[in-house]
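A.B. asks: To start, I am sharing the structure in question, which I have written as structure tokens.
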Amino acid sequence: MLRSTERILTSHAGSLPRSPELLEANEARRSGTSSPEAHERLLQDAVVDVVRRQRGAGVDVVNDGEYGHAMASPVDYGAWWHYIFDRISGLTPGEVGLWEQEPRRSAPGRTVLTSFGDRRDRQRFAEAYTDPDSGITTGKQKPFPTITGRLEYVGQEAVAADIRNLKAALDATGAQEGYLAALSPGSCARLQNEHYADEDEVLTACAEALREEYRAITDAGLIVQIDDPSIAENWDQINPEPTVEDYLAFTRKRVEALNYALEGIPAEQVRFHLCWGSWHGPHTTDLEFRHLVDLMLEIDAGAYSFEGANVRHEHEWRVWEDRALPEGKLIVPGIVSHATNVVEHPELVADRIERFARVVGRENVIASTDCGLGGRIHPQIAWAKLETLARGAELATRRLWG
């Protein structure tokens, strides 16, 4: 895994804006009005272009923009998750909308996820969430599938295309390191289940299916980024609010499932992404990072990506003041946010980088974004944020190395 003893490196958390041509092609492919060959040629070119654009913006550790995780709309908060529905068997299309599912109640010692519409932040700010002029958006959400059979990975051709396209783009641009994002077992297990006996069986089945994707990516010499909002975001989806102890016990099962899926994969080829959900809302029910950081560090990864720039979590850089980063590990903190249209000033970017560098070591920090930018903010603003990230990293480098 790329690290530097000379300057602050930059990366981002995954999703990047899709071009209008790619969005149109994704919709045509979904509706069956274009040939697979034509779509593949366009996707290949689009991945080369987005990697070249990342390098031009000053990004060191690049990816394919998650272009292999199809979006057919410029506003899409779910492609990081939805893509897997076509790569796993045992799923039946859902009929009930995401916000219309029946709520479920937890009790002490019995933690379950409620429906998305019953989330506590959404209930606390019900008027704001249902007001189309409030500025809150959760993107377009279709009914999710239900687990009705044995989960097995069937996405071999799709992940092979992702790998092929990214490696071609790395060769074409000279980028040193590239990564591909993949869903975590814990996030996969949030689907409704009508097949397995219990939650533990679902988690194991998800881990066994997804490990094939992880291994394909890492066997190809690339880095795999595990996207796992469930570790932090699930807190808001438990109603009523559980004790921290109950929640950590519930979450530990998801960490264990992920480590099971990662067995045999070198940690230095794994980066883990934790976030509290990328929708633009109040987030007053986010669990504090101090409760999660130690559990996160138990994950068998070489680098840990987390939100550190948005106004709900920026102050939490201080958790690293009394916690030693394990030897050989990196942190990839969010330095610019996906949750605001304001483009951060390079001086602020440098200040944020320096905070982390001074507590964990400058060589152990890769400056990044809080979450994916694609589908969440306008493309023009997204690219401006990556450019200011790179300029701020240059300032921080001068301050930290002299």
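Naming works like this for the structure tokens: A, B, ... for the chains as they're shown, residue 1 at the start of each chain, ligands 1 onward in shown order.
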Going by DSSP on the backbone, which bits of region 185-230 of chain A are helix (DSSP H, G or I)? Write them as number ranges by chain, please.

C.D. replies: A: 185-188, 199-219, 230

A.B. asks: Any idea what's packed within 8 Å of region 203-207 of chain A, counting only C-alpha atoms, ignoring anything in its chain fewer than 5 positions away? Could you give it as a VMD selection string?

C.D. replies: chain A and resid 150 to 152 184 to 186 188 to 189 254 257 to 258 260 to 261

A.B. asks: For Gly135 (chain A), which residue out of A:Arg271, A:Arg55, A:Arg105, A:His280 is the nearest one, using only C-alpha atoms?

C.D. replies: A:His280

A.B. asks: Could you produce a table of the residues of region 6-56 of chain A lying within 9 Å of region 169-175 of chain A, with the nearest pair of atoms per residue and their separation in Å rounded to one decimal, using only C-alpha atoms, ordered by chain and increasing residue number, as a Markdown table?

C.D. replies:
```
| residue | atom | partner | partner_atom | distance |
| --- | --- | --- | --- | --- |
| A:Gln44 | CA | A:Ala169 | CA | 8.2 |
| A:Asp45 | CA | A:Ala169 | CA | 8.6 |
| A:Val47 | CA | A:Ala169 | CA | 6.4 |
| A:Val48 | CA | A:Ala169 | CA | 4.4 |
| A:Asp49 | CA | A:Ala169 | CA | 7.9 |
| A:Val50 | CA | A:Ala169 | CA | 8.6 |
| A:Val51 | CA | A:Ala169 | CA | 6.3 |
| A:Arg52 | CA | A:Thr173 | CA | 5.9 |
| A:Arg55 | CA | A:Ala175 | CA | 7.3 |
```

A.B. asks: What does the distance from CA of Glu347 (chain A) to CA of Leu395 (chain A) come to in Å, to one decimal?

C.D. replies: 7.3 Å

A.B. asks: List the neighbours of Asn193 (chain A) out to 8 Å using only C-alpha atoms; skip same-chain residues closer than 2 positions along the sequence, and give me the result as a list of chain:residue names.

C.D. replies: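 These residues fall inside the cut-off: A:Thr146, A:Ile147, A:Thr148, A:Leu191, A:His195, A:Tyr196, A:Val202.
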
A.B. asks: For region 231-248 of chain A, list every protein, DNA or RNA residue within 6 Å, evaluated using only C-alpha atoms, and leave out those in the same chain fewer than 2 positions away; present the list as a list in words.

C.D. replies: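 Counting only the stated atoms, we get Arg105, Ser106, Leu113, Thr114, Arg119, Arg120, Pro229, Phe250, Thr251, Arg252, Trp276, Gly277 and Thr285 of chain A.
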
A.B. asks: Could you write those residues out with all heavy atoms, as a short mmCIF file (atom, residue, chain, number, x, y, z; two decimals), in the first residue's frame?

C.D. replies:
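again12.cif, written as the output of this step:
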```cif
data_model
loop_
_atom_site.label_atom_id
_atom_site.label_comp_id
_atom_site.auth_asym_id
_atom_site.auth_seq_id
_atom_site.Cartn_x
_atom_site.Cartn_y
_atom_site.Cartn_z
N ARG A 105 -38.93 -2.98 16.31
CA ARG A 105 -38.49 -2.42 17.59
C ARG A 105 -37.45 -3.32 18.26
O ARG A 105 -37.59 -4.54 18.29
CB ARG A 105 -39.69 -2.23 18.52
CG ARG A 105 -40.60 -1.08 18.09
CD ARG A 105 -39.90 0.25 18.33
NE ARG A 105 -40.65 1.39 17.77
CZ ARG A 105 -40.40 1.92 16.59
NH1 ARG A 105 -39.44 1.43 15.82
NH2 ARG A 105 -41.10 2.96 16.15
N SER A 106 -36.43 -2.66 18.77
CA SER A 106 -35.40 -3.35 19.54
C SER A 106 -35.75 -3.31 21.02
O SER A 106 -36.62 -2.54 21.45
CB SER A 106 -34.04 -2.69 19.32
OG SER A 106 -33.59 -2.87 18.00
N LEU A 113 -32.43 -4.14 13.30
CA LEU A 113 -32.54 -2.95 12.48
C LEU A 113 -34.01 -2.69 12.15
O LEU A 113 -34.73 -3.60 11.75
CB LEU A 113 -31.75 -3.11 11.18
CG LEU A 113 -30.24 -3.24 11.31
CD1 LEU A 113 -29.60 -3.43 9.94
CD2 LEU A 113 -29.64 -2.03 12.01
N THR A 114 -34.43 -1.45 12.31
CA THR A 114 -35.77 -1.08 11.92
C THR A 114 -35.78 -0.70 10.44
O THR A 114 -34.77 -0.82 9.74
CB THR A 114 -36.31 0.07 12.81
OG1 THR A 114 -37.69 0.28 12.51
CG2 THR A 114 -35.53 1.34 12.60
N ARG A 119 -35.97 5.46 10.85
CA ARG A 119 -34.70 5.86 11.43
C ARG A 119 -34.91 7.04 12.36
O ARG A 119 -35.74 7.91 12.13
CB ARG A 119 -33.70 6.19 10.33
CG ARG A 119 -33.38 5.00 9.44
CD ARG A 119 -32.51 5.40 8.28
NE ARG A 119 -31.14 5.59 8.75
CZ ARG A 119 -30.07 5.10 8.12
NH1 ARG A 119 -30.21 4.42 7.03
NH2 ARG A 119 -28.88 5.33 8.61
N ARG A 120 -34.10 7.10 13.43
CA ARG A 120 -34.35 8.09 14.49
C ARG A 120 -34.11 9.52 14.04
O ARG A 120 -34.82 10.43 14.44
CB ARG A 120 -33.52 7.72 15.72
CG ARG A 120 -34.05 6.47 16.43
CD ARG A 120 -33.29 6.14 17.69
NE ARG A 120 -32.02 5.50 17.41
CZ ARG A 120 -30.82 6.04 17.63
NH1 ARG A 120 -30.72 7.26 18.13
NH2 ARG A 120 -29.72 5.38 17.37
N PRO A 229 -20.66 1.36 5.68
CA PRO A 229 -21.38 2.30 6.53
C PRO A 229 -22.13 1.62 7.66
O PRO A 229 -22.43 2.27 8.68
CB PRO A 229 -22.35 2.98 5.55
CG PRO A 229 -21.72 2.82 4.22
CD PRO A 229 -21.04 1.49 4.27
N PHE A 250 -23.66 -6.04 18.82
CA PHE A 250 -24.33 -6.21 17.53
C PHE A 250 -23.34 -5.96 16.38
O PHE A 250 -23.31 -6.71 15.39
CB PHE A 250 -25.50 -5.21 17.47
CG PHE A 250 -26.26 -5.16 16.18
CD1 PHE A 250 -27.24 -6.10 15.89
CD2 PHE A 250 -26.02 -4.15 15.26
CE1 PHE A 250 -27.96 -6.03 14.71
CE2 PHE A 250 -26.73 -4.07 14.07
CZ PHE A 250 -27.71 -5.02 13.80
N THR A 251 -22.51 -4.96 16.52
CA THR A 251 -21.58 -4.57 15.47
C THR A 251 -20.39 -5.50 15.39
O THR A 251 -19.84 -5.74 14.31
CB THR A 251 -21.12 -3.12 15.70
OG1 THR A 251 -22.28 -2.28 15.76
CG2 THR A 251 -20.21 -2.63 14.59
N ARG A 252 -19.97 -6.03 16.53
CA ARG A 252 -18.82 -6.93 16.52
C ARG A 252 -19.05 -8.13 15.60
O ARG A 252 -18.12 -8.61 14.93
CB ARG A 252 -18.50 -7.41 17.94
CG ARG A 252 -17.28 -8.32 18.01
CD ARG A 252 -16.87 -8.57 19.45
NE ARG A 252 -16.41 -7.35 20.09
CZ ARG A 252 -15.20 -6.83 19.92
NH1 ARG A 252 -14.34 -7.42 19.11
NH2 ARG A 252 -14.86 -5.73 20.53
N TRP A 276 -21.03 7.52 8.41
CA TRP A 276 -22.32 7.58 9.10
C TRP A 276 -23.49 7.78 8.12
O TRP A 276 -24.56 8.21 8.49
CB TRP A 276 -22.31 8.72 10.13
CG TRP A 276 -21.55 8.39 11.37
CD1 TRP A 276 -22.07 7.93 12.55
CD2 TRP A 276 -20.15 8.48 11.58
NE1 TRP A 276 -21.06 7.74 13.47
CE2 TRP A 276 -19.87 8.06 12.91
CE3 TRP A 276 -19.08 8.87 10.77
CZ2 TRP A 276 -18.59 8.04 13.43
CZ3 TRP A 276 -17.80 8.83 11.29
CH2 TRP A 276 -17.56 8.42 12.61
N GLY A 277 -23.26 7.44 6.85
CA GLY A 277 -24.29 7.61 5.84
C GLY A 277 -24.13 8.94 5.14
O GLY A 277 -23.94 9.98 5.77
N THR A 285 -28.29 11.86 15.27
CA THR A 285 -28.28 10.56 15.95
C THR A 285 -27.06 9.73 15.57
O THR A 285 -27.03 8.51 15.82
CB THR A 285 -29.56 9.78 15.62
OG1 THR A 285 -29.71 9.69 14.19
CG2 THR A 285 -30.78 10.46 16.20
#
```

A.B. asks: Among region 103-326 of chain A, which ones does DSSP assign to strand (DSSP E or B) (computed from the backbone)? Answer as a PyMOL selection string.

C.D. replies: chain A and resi 107+110+137+146-153+177-183+192-193+223-227+270-273+280+303-306

A.B. asks: Write to file, as a short mmCIF file (atom, residue, chain, number, x, y, z; two decimals), in the first residue's frame, the residues of the selection just made, with N, CA, C and O atoms.

C.D. replies:
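New file again-v2.cif:
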```cif
data_model
loop_
_atom_site.label_atom_id
_atom_site.label_comp_id
_atom_site.auth_asym_id
_atom_site.auth_seq_id
_atom_site.Cartn_x
_atom_site.Cartn_y
_atom_site.Cartn_z
N ALA A 107 -35.06 -4.13 21.80
CA ALA A 107 -35.23 -4.17 23.25
C ALA A 107 -33.86 -4.46 23.86
O ALA A 107 -32.95 -4.93 23.15
N ARG A 110 -31.64 -7.30 22.75
CA ARG A 110 -32.19 -7.78 21.47
C ARG A 110 -32.17 -6.61 20.48
O ARG A 110 -33.08 -5.79 20.43
N THR A 137 -31.81 15.58 1.22
CA THR A 137 -32.08 14.61 0.17
C THR A 137 -31.45 13.28 0.53
O THR A 137 -30.38 13.22 1.13
N THR A 146 -35.15 -9.05 -1.66
CA THR A 146 -35.24 -9.87 -0.46
C THR A 146 -34.43 -11.14 -0.67
O THR A 146 -34.39 -11.68 -1.78
N ILE A 147 -33.75 -11.60 0.37
CA ILE A 147 -33.02 -12.87 0.30
C ILE A 147 -34.02 -14.01 0.38
O ILE A 147 -34.68 -14.21 1.40
N THR A 148 -34.16 -14.74 -0.72
CA THR A 148 -35.12 -15.85 -0.76
C THR A 148 -34.45 -17.18 -1.09
O THR A 148 -35.12 -18.21 -1.17
N GLY A 149 -33.15 -17.17 -1.29
CA GLY A 149 -32.42 -18.40 -1.60
C GLY A 149 -30.98 -18.28 -1.15
O GLY A 149 -30.57 -17.29 -0.53
N ARG A 150 -30.20 -19.29 -1.48
CA ARG A 150 -28.80 -19.32 -1.08
C ARG A 150 -28.03 -18.20 -1.78
O ARG A 150 -28.12 -18.02 -3.01
N LEU A 151 -27.28 -17.42 -1.02
CA LEU A 151 -26.47 -16.33 -1.58
C LEU A 151 -25.18 -16.90 -2.16
O LEU A 151 -24.41 -17.56 -1.46
N GLU A 152 -24.96 -16.64 -3.43
CA GLU A 152 -23.72 -17.05 -4.08
C GLU A 152 -23.26 -15.93 -5.00
O GLU A 152 -24.07 -15.23 -5.60
N TYR A 153 -21.96 -15.78 -5.11
CA TYR A 153 -21.41 -14.72 -5.96
C TYR A 153 -21.48 -15.13 -7.42
O TYR A 153 -20.99 -16.20 -7.81
N GLU A 177 -0.94 3.60 -7.93
CA GLU A 177 -1.76 2.67 -7.15
C GLU A 177 -3.24 2.93 -7.41
O GLU A 177 -3.68 4.08 -7.52
N GLY A 178 -4.00 1.84 -7.52
CA GLY A 178 -5.44 1.97 -7.72
C GLY A 178 -6.20 1.02 -6.83
O GLY A 178 -5.69 -0.03 -6.41
N TYR A 179 -7.43 1.41 -6.51
CA TYR A 179 -8.27 0.56 -5.68
C TYR A 179 -9.66 0.45 -6.27
O TYR A 179 -10.12 1.28 -7.06
N LEU A 180 -10.34 -0.63 -5.91
CA LEU A 180 -11.74 -0.85 -6.27
C LEU A 180 -12.54 -1.03 -5.00
O LEU A 180 -12.08 -1.69 -4.05
N ALA A 181 -13.72 -0.45 -4.97
CA ALA A 181 -14.59 -0.56 -3.80
C ALA A 181 -15.45 -1.81 -3.89
O ALA A 181 -15.86 -2.23 -4.97
N ALA A 182 -15.74 -2.39 -2.73
CA ALA A 182 -16.59 -3.58 -2.66
C ALA A 182 -17.41 -3.52 -1.38
O ALA A 182 -16.97 -3.00 -0.36
N LEU A 183 -18.60 -4.07 -1.44
CA LEU A 183 -19.54 -4.04 -0.32
C LEU A 183 -19.07 -4.93 0.82
O LEU A 183 -18.47 -5.98 0.60
N GLN A 192 -33.63 -7.66 3.61
CA GLN A 192 -34.61 -8.49 4.29
C GLN A 192 -34.37 -9.96 3.95
O GLN A 192 -34.02 -10.31 2.82
N ASN A 193 -34.54 -10.82 4.92
CA ASN A 193 -34.19 -12.23 4.80
C ASN A 193 -35.41 -13.13 4.98
O ASN A 193 -36.12 -13.02 5.97
N ILE A 223 -5.78 -2.71 -4.77
CA ILE A 223 -6.26 -2.55 -3.40
C ILE A 223 -7.78 -2.70 -3.41
O ILE A 223 -8.45 -2.19 -4.31
N VAL A 224 -8.33 -3.38 -2.43
CA VAL A 224 -9.78 -3.43 -2.26
C VAL A 224 -10.17 -2.49 -1.13
O VAL A 224 -9.56 -2.50 -0.06
N GLN A 225 -11.15 -1.64 -1.38
CA GLN A 225 -11.72 -0.81 -0.32
C GLN A 225 -13.05 -1.42 0.10
O GLN A 225 -13.96 -1.56 -0.72
N ILE A 226 -13.17 -1.75 1.36
CA ILE A 226 -14.41 -2.30 1.89
C ILE A 226 -15.31 -1.15 2.31
O ILE A 226 -14.99 -0.41 3.24
N ASP A 227 -16.44 -1.01 1.63
CA ASP A 227 -17.41 0.03 1.98
C ASP A 227 -18.35 -0.52 3.04
O ASP A 227 -19.14 -1.43 2.76
N VAL A 270 -5.80 -3.96 1.71
CA VAL A 270 -7.17 -3.68 2.15
C VAL A 270 -7.25 -2.32 2.79
O VAL A 270 -6.45 -1.99 3.68
N ARG A 271 -8.19 -1.49 2.35
CA ARG A 271 -8.53 -0.27 3.08
C ARG A 271 -10.01 -0.33 3.41
O ARG A 271 -10.82 -0.83 2.64
N PHE A 272 -10.32 0.12 4.60
CA PHE A 272 -11.68 0.02 5.13
C PHE A 272 -12.30 1.40 5.23
O PHE A 272 -11.68 2.33 5.75
N HIS A 273 -13.53 1.54 4.72
CA HIS A 273 -14.21 2.83 4.76
C HIS A 273 -15.40 2.78 5.71
O HIS A 273 -16.33 2.00 5.52
N HIS A 280 -27.80 13.93 2.92
CA HIS A 280 -27.66 15.30 3.42
C HIS A 280 -28.78 15.57 4.41
O HIS A 280 -29.86 16.05 4.06
N ALA A 303 -5.34 0.19 6.01
CA ALA A 303 -5.68 1.61 6.08
C ALA A 303 -7.15 1.77 6.44
O ALA A 303 -7.98 0.93 6.07
N TYR A 304 -7.44 2.84 7.16
CA TYR A 304 -8.80 3.08 7.65
C TYR A 304 -9.27 4.47 7.21
O TYR A 304 -8.68 5.48 7.55
N SER A 305 -10.35 4.48 6.44
CA SER A 305 -10.95 5.71 5.93
C SER A 305 -12.18 6.04 6.76
O SER A 305 -13.00 5.16 7.04
N PHE A 306 -12.31 7.31 7.14
CA PHE A 306 -13.44 7.70 7.99
C PHE A 306 -13.71 9.18 7.81
O PHE A 306 -12.85 9.94 7.33
#
```

A.B. asks: Could I get the residues of region 132-178 of chain A with an atom no further than 10 Å from an atom of region 68-83 of chain A, each paired with its nearest atom pair and that distance in Å to one decimal, using only C-alpha atoms, sorted by chain and residue number, as a Markdown table?

C.D. replies:
```
| residue | atom | partner | partner_atom | distance |
| --- | --- | --- | --- | --- |
| A:Thr137 | CA | A:Tyr77 | CA | 9.1 |
| A:Thr138 | CA | A:Tyr77 | CA | 6.6 |
| A:Gly139 | CA | A:Asp76 | CA | 5.2 |
| A:Lys140 | CA | A:Asp76 | CA | 6.3 |
| A:Gln141 | CA | A:Gly78 | CA | 7.5 |
| A:Lys142 | CA | A:His82 | CA | 9.7 |
| A:Phe144 | CA | A:His82 | CA | 8.3 |
| A:Pro145 | CA | A:His82 | CA | 9.6 |
| A:Gly155 | CA | A:Tyr83 | CA | 9.9 |
| A:Ala158 | CA | A:Gly68 | CA | 7.6 |
| A:Val159 | CA | A:Gly68 | CA | 8.1 |
| A:Ala161 | CA | A:Gly68 | CA | 7.9 |
| A:Asp162 | CA | A:Gly68 | CA | 5.8 |
| A:Ile163 | CA | A:Gly68 | CA | 9.5 |
| A:Asn165 | CA | A:Gly68 | CA | 9.0 |
| A:Leu166 | CA | A:Gly68 | CA | 9.8 |
```

A.B. asks: Return the single residue from A:Ser368, A:Ser89, A:Asn341, A:Thr130 that is closest to Ser11 (chain A), with distances computed using only C-alpha atoms.

C.D. replies: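 When distances to Ser11 (chain A) are compared using only C-alpha atoms, the smallest one comes from A:Ser368.
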
A.B. asks: Which residue out of A:Ser15, A:Thr218, A:Asn364, A:Ser134 has the minimum interatomic distance to Ile265 (chain A) when only C-alpha atoms are used?

C.D. replies: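 Ranked by minimum distance to Ile265 (chain A), first place goes to A:Thr218.
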
A.B. asks: Excluding same-chain residues fewer than 6 positions from Thr397 (chain A), what lies within 12 Å of it counting only C-alpha atoms, as a PyMOL selection string?

C.D. replies: chain A and resi 4-10+347+349-351+353-354+357+362-363+365-367+390-391

A.B. asks: CA of Gly14 (chain A) and CA of Lys385 (chain A), how far apart in Å?

C.D. replies: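 Atom-to-atom, CA of Lys385 (chain A) and CA of Gly14 (chain A) are spaced 13.7 Å apart.
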
A.B. asks: If we count only C-alpha atoms and set the cut-off at 12 Å, which residues sit around Phe125 (chain A), ignoring sequence neighbours fewer than 2 positions away in its own chain? Please answer as a short mmCIF file (atom, residue, chain, number, x, y, z; two decimals) with all heavy atoms, in the first residue's frame.

C.D. replies:
```
data_model
loop_
_atom_site.label_atom_id
_atom_site.label_comp_id
_atom_site.auth_asym_id
_atom_site.auth_seq_id
_atom_site.Cartn_x
_atom_site.Cartn_y
_atom_site.Cartn_z
N GLY A 117 -37.43 4.11 6.88
CA GLY A 117 -38.34 5.21 7.18
C GLY A 117 -38.51 5.49 8.65
O GLY A 117 -39.00 6.56 9.05
N ASP A 118 -38.10 4.55 9.49
CA ASP A 118 -38.26 4.67 10.95
C ASP A 118 -36.96 5.08 11.62
O ASP A 118 -36.85 5.04 12.84
CB ASP A 118 -38.75 3.32 11.51
CG ASP A 118 -39.15 3.40 12.98
OD1 ASP A 118 -39.88 4.34 13.35
OD2 ASP A 118 -38.72 2.51 13.76
N ARG A 119 -35.97 5.46 10.85
CA ARG A 119 -34.70 5.86 11.43
C ARG A 119 -34.91 7.04 12.36
O ARG A 119 -35.74 7.91 12.13
CB ARG A 119 -33.70 6.19 10.33
CG ARG A 119 -33.38 5.00 9.44
CD ARG A 119 -32.51 5.40 8.28
NE ARG A 119 -31.14 5.59 8.75
CZ ARG A 119 -30.07 5.10 8.12
NH1 ARG A 119 -30.21 4.42 7.03
NH2 ARG A 119 -28.88 5.33 8.61
N ARG A 120 -34.10 7.10 13.43
CA ARG A 120 -34.35 8.09 14.49
C ARG A 120 -34.11 9.52 14.04
O ARG A 120 -34.82 10.43 14.44
CB ARG A 120 -33.52 7.72 15.72
CG ARG A 120 -34.05 6.47 16.43
CD ARG A 120 -33.29 6.14 17.69
NE ARG A 120 -32.02 5.50 17.41
CZ ARG A 120 -30.82 6.04 17.63
NH1 ARG A 120 -30.72 7.26 18.13
NH2 ARG A 120 -29.72 5.38 17.37
N ASP A 121 -33.08 9.75 13.21
CA ASP A 121 -32.85 11.11 12.72
C ASP A 121 -34.03 11.55 11.83
O ASP A 121 -34.47 12.70 11.90
CB ASP A 121 -31.55 11.17 11.91
CG ASP A 121 -31.03 12.59 11.72
OD1 ASP A 121 -30.73 13.23 12.75
OD2 ASP A 121 -30.92 13.04 10.58
N ARG A 122 -34.53 10.64 11.05
CA ARG A 122 -35.66 10.94 10.18
C ARG A 122 -36.92 11.24 11.00
O ARG A 122 -37.71 12.11 10.65
CB ARG A 122 -35.90 9.78 9.22
CG ARG A 122 -36.92 10.08 8.13
CD ARG A 122 -37.06 8.88 7.20
NE ARG A 122 -38.01 9.14 6.13
CZ ARG A 122 -37.72 9.67 4.95
NH1 ARG A 122 -36.47 10.00 4.68
NH2 ARG A 122 -38.65 9.87 4.04
N GLN A 123 -37.12 10.52 12.09
CA GLN A 123 -38.29 10.75 12.94
C GLN A 123 -38.15 12.07 13.71
O GLN A 123 -39.11 12.82 13.86
CB GLN A 123 -38.46 9.59 13.92
CG GLN A 123 -38.86 8.28 13.26
CD GLN A 123 -40.14 8.39 12.46
OE1 GLN A 123 -41.16 8.87 12.97
NE2 GLN A 123 -40.09 7.97 11.21
N GLU A 127 -40.54 16.80 9.76
CA GLU A 127 -41.00 17.89 8.89
C GLU A 127 -39.93 18.24 7.86
O GLU A 127 -40.23 18.46 6.67
CB GLU A 127 -41.34 19.12 9.72
CG GLU A 127 -42.57 18.96 10.61
CD GLU A 127 -42.86 20.22 11.40
OE1 GLU A 127 -42.35 21.29 11.01
OE2 GLU A 127 -43.58 20.14 12.41
N ALA A 128 -38.69 18.31 8.30
CA ALA A 128 -37.60 18.67 7.39
C ALA A 128 -37.38 17.59 6.33
O ALA A 128 -37.17 17.90 5.15
CB ALA A 128 -36.32 18.91 8.18
N TYR A 129 -37.42 16.34 6.74
CA TYR A 129 -37.19 15.25 5.80
C TYR A 129 -38.28 15.15 4.74
O TYR A 129 -38.02 14.69 3.62
CB TYR A 129 -37.08 13.91 6.55
CG TYR A 129 -35.67 13.58 7.01
CD1 TYR A 129 -35.22 13.93 8.28
CD2 TYR A 129 -34.79 12.90 6.18
CE1 TYR A 129 -33.94 13.62 8.70
CE2 TYR A 129 -33.51 12.59 6.59
CZ TYR A 129 -33.08 12.95 7.86
OH TYR A 129 -31.80 12.64 8.28
N THR A 130 -39.49 15.56 5.06
CA THR A 130 -40.59 15.46 4.10
C THR A 130 -40.86 16.76 3.36
O THR A 130 -41.78 16.83 2.54
CB THR A 130 -41.88 15.00 4.82
OG1 THR A 130 -42.16 15.90 5.92
CG2 THR A 130 -41.72 13.59 5.35
N ASP A 131 -40.07 17.78 3.65
CA ASP A 131 -40.22 19.07 2.97
C ASP A 131 -39.28 19.10 1.75
O ASP A 131 -38.06 19.09 1.91
CB ASP A 131 -39.87 20.21 3.93
CG ASP A 131 -40.02 21.59 3.31
OD1 ASP A 131 -40.25 21.67 2.08
OD2 ASP A 131 -39.88 22.58 4.05
N SER A 134 -36.41 21.70 1.84
CA SER A 134 -35.55 21.80 3.03
C SER A 134 -34.07 21.66 2.70
O SER A 134 -33.21 22.02 3.51
CB SER A 134 -35.94 20.73 4.05
OG SER A 134 -35.61 19.44 3.56
N ILE A 136 -32.73 18.72 2.37
CA ILE A 136 -32.39 17.35 2.74
C ILE A 136 -32.73 16.44 1.57
O ILE A 136 -33.81 16.52 0.99
CB ILE A 136 -33.18 16.89 3.98
CG1 ILE A 136 -32.76 17.70 5.20
CG2 ILE A 136 -32.95 15.40 4.24
CD1 ILE A 136 -33.52 17.34 6.46
N GLY A 281 -28.54 15.27 5.68
CA GLY A 281 -29.51 15.47 6.74
C GLY A 281 -28.84 15.93 8.01
O GLY A 281 -27.61 16.10 8.05
N PRO A 282 -29.60 16.11 9.09
CA PRO A 282 -29.04 16.63 10.35
C PRO A 282 -27.99 15.74 11.01
O PRO A 282 -27.05 16.24 11.62
CB PRO A 282 -30.27 16.79 11.25
CG PRO A 282 -31.42 16.91 10.30
CD PRO A 282 -31.08 16.05 9.13
N HIS A 283 -28.17 14.41 10.94
CA HIS A 283 -27.23 13.45 11.52
C HIS A 283 -27.05 13.63 13.03
O HIS A 283 -25.97 13.36 13.58
CB HIS A 283 -25.86 13.53 10.82
CG HIS A 283 -25.85 12.84 9.48
ND1 HIS A 283 -25.52 11.52 9.33
CD2 HIS A 283 -26.15 13.29 8.24
CE1 HIS A 283 -25.59 11.18 8.06
NE2 HIS A 283 -25.99 12.25 7.37
N THR A 284 -28.08 14.06 13.71
CA THR A 284 -27.96 14.25 15.16
C THR A 284 -27.92 12.94 15.92
O THR A 284 -27.57 12.93 17.11
CB THR A 284 -29.13 15.09 15.69
OG1 THR A 284 -30.37 14.42 15.40
CG2 THR A 284 -29.14 16.47 15.07
N THR A 285 -28.29 11.86 15.27
CA THR A 285 -28.28 10.56 15.95
C THR A 285 -27.06 9.73 15.57
O THR A 285 -27.03 8.51 15.82
CB THR A 285 -29.56 9.78 15.62
OG1 THR A 285 -29.71 9.69 14.19
CG2 THR A 285 -30.78 10.46 16.20
#
```

A.B. asks: Go through A:Ala249, A:Phe85, A:Val293, A:Leu43 and flag the residue nearest Gly109 (chain A), using only C-alpha atoms for the distances.

C.D. replies: A:Ala249

A.B. asks: Which one of A:His12, A:Arg3, A:Arg30, A:Arg355 sits closest to Gly334 (chain A) if you count only C-alpha atoms?

C.D. replies: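 With only C-alpha atoms as the atom set, the closest residue is A:His12.
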
A.B. asks: Nearest to Val319 (chain A) among A:Ala57, A:Val359, A:Leu297, A:Ala28, with distances taken over only C-alpha atoms: which residue is it?

C.D. replies: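 The closest residue to Val319 (chain A) is A:Val359.
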
A.B. asks: One decimal, Å: what's the distance from CA of Arg87 (chain A) over to CA of Gln156 (chain A), could you say?

C.D. replies: 7.8 Å
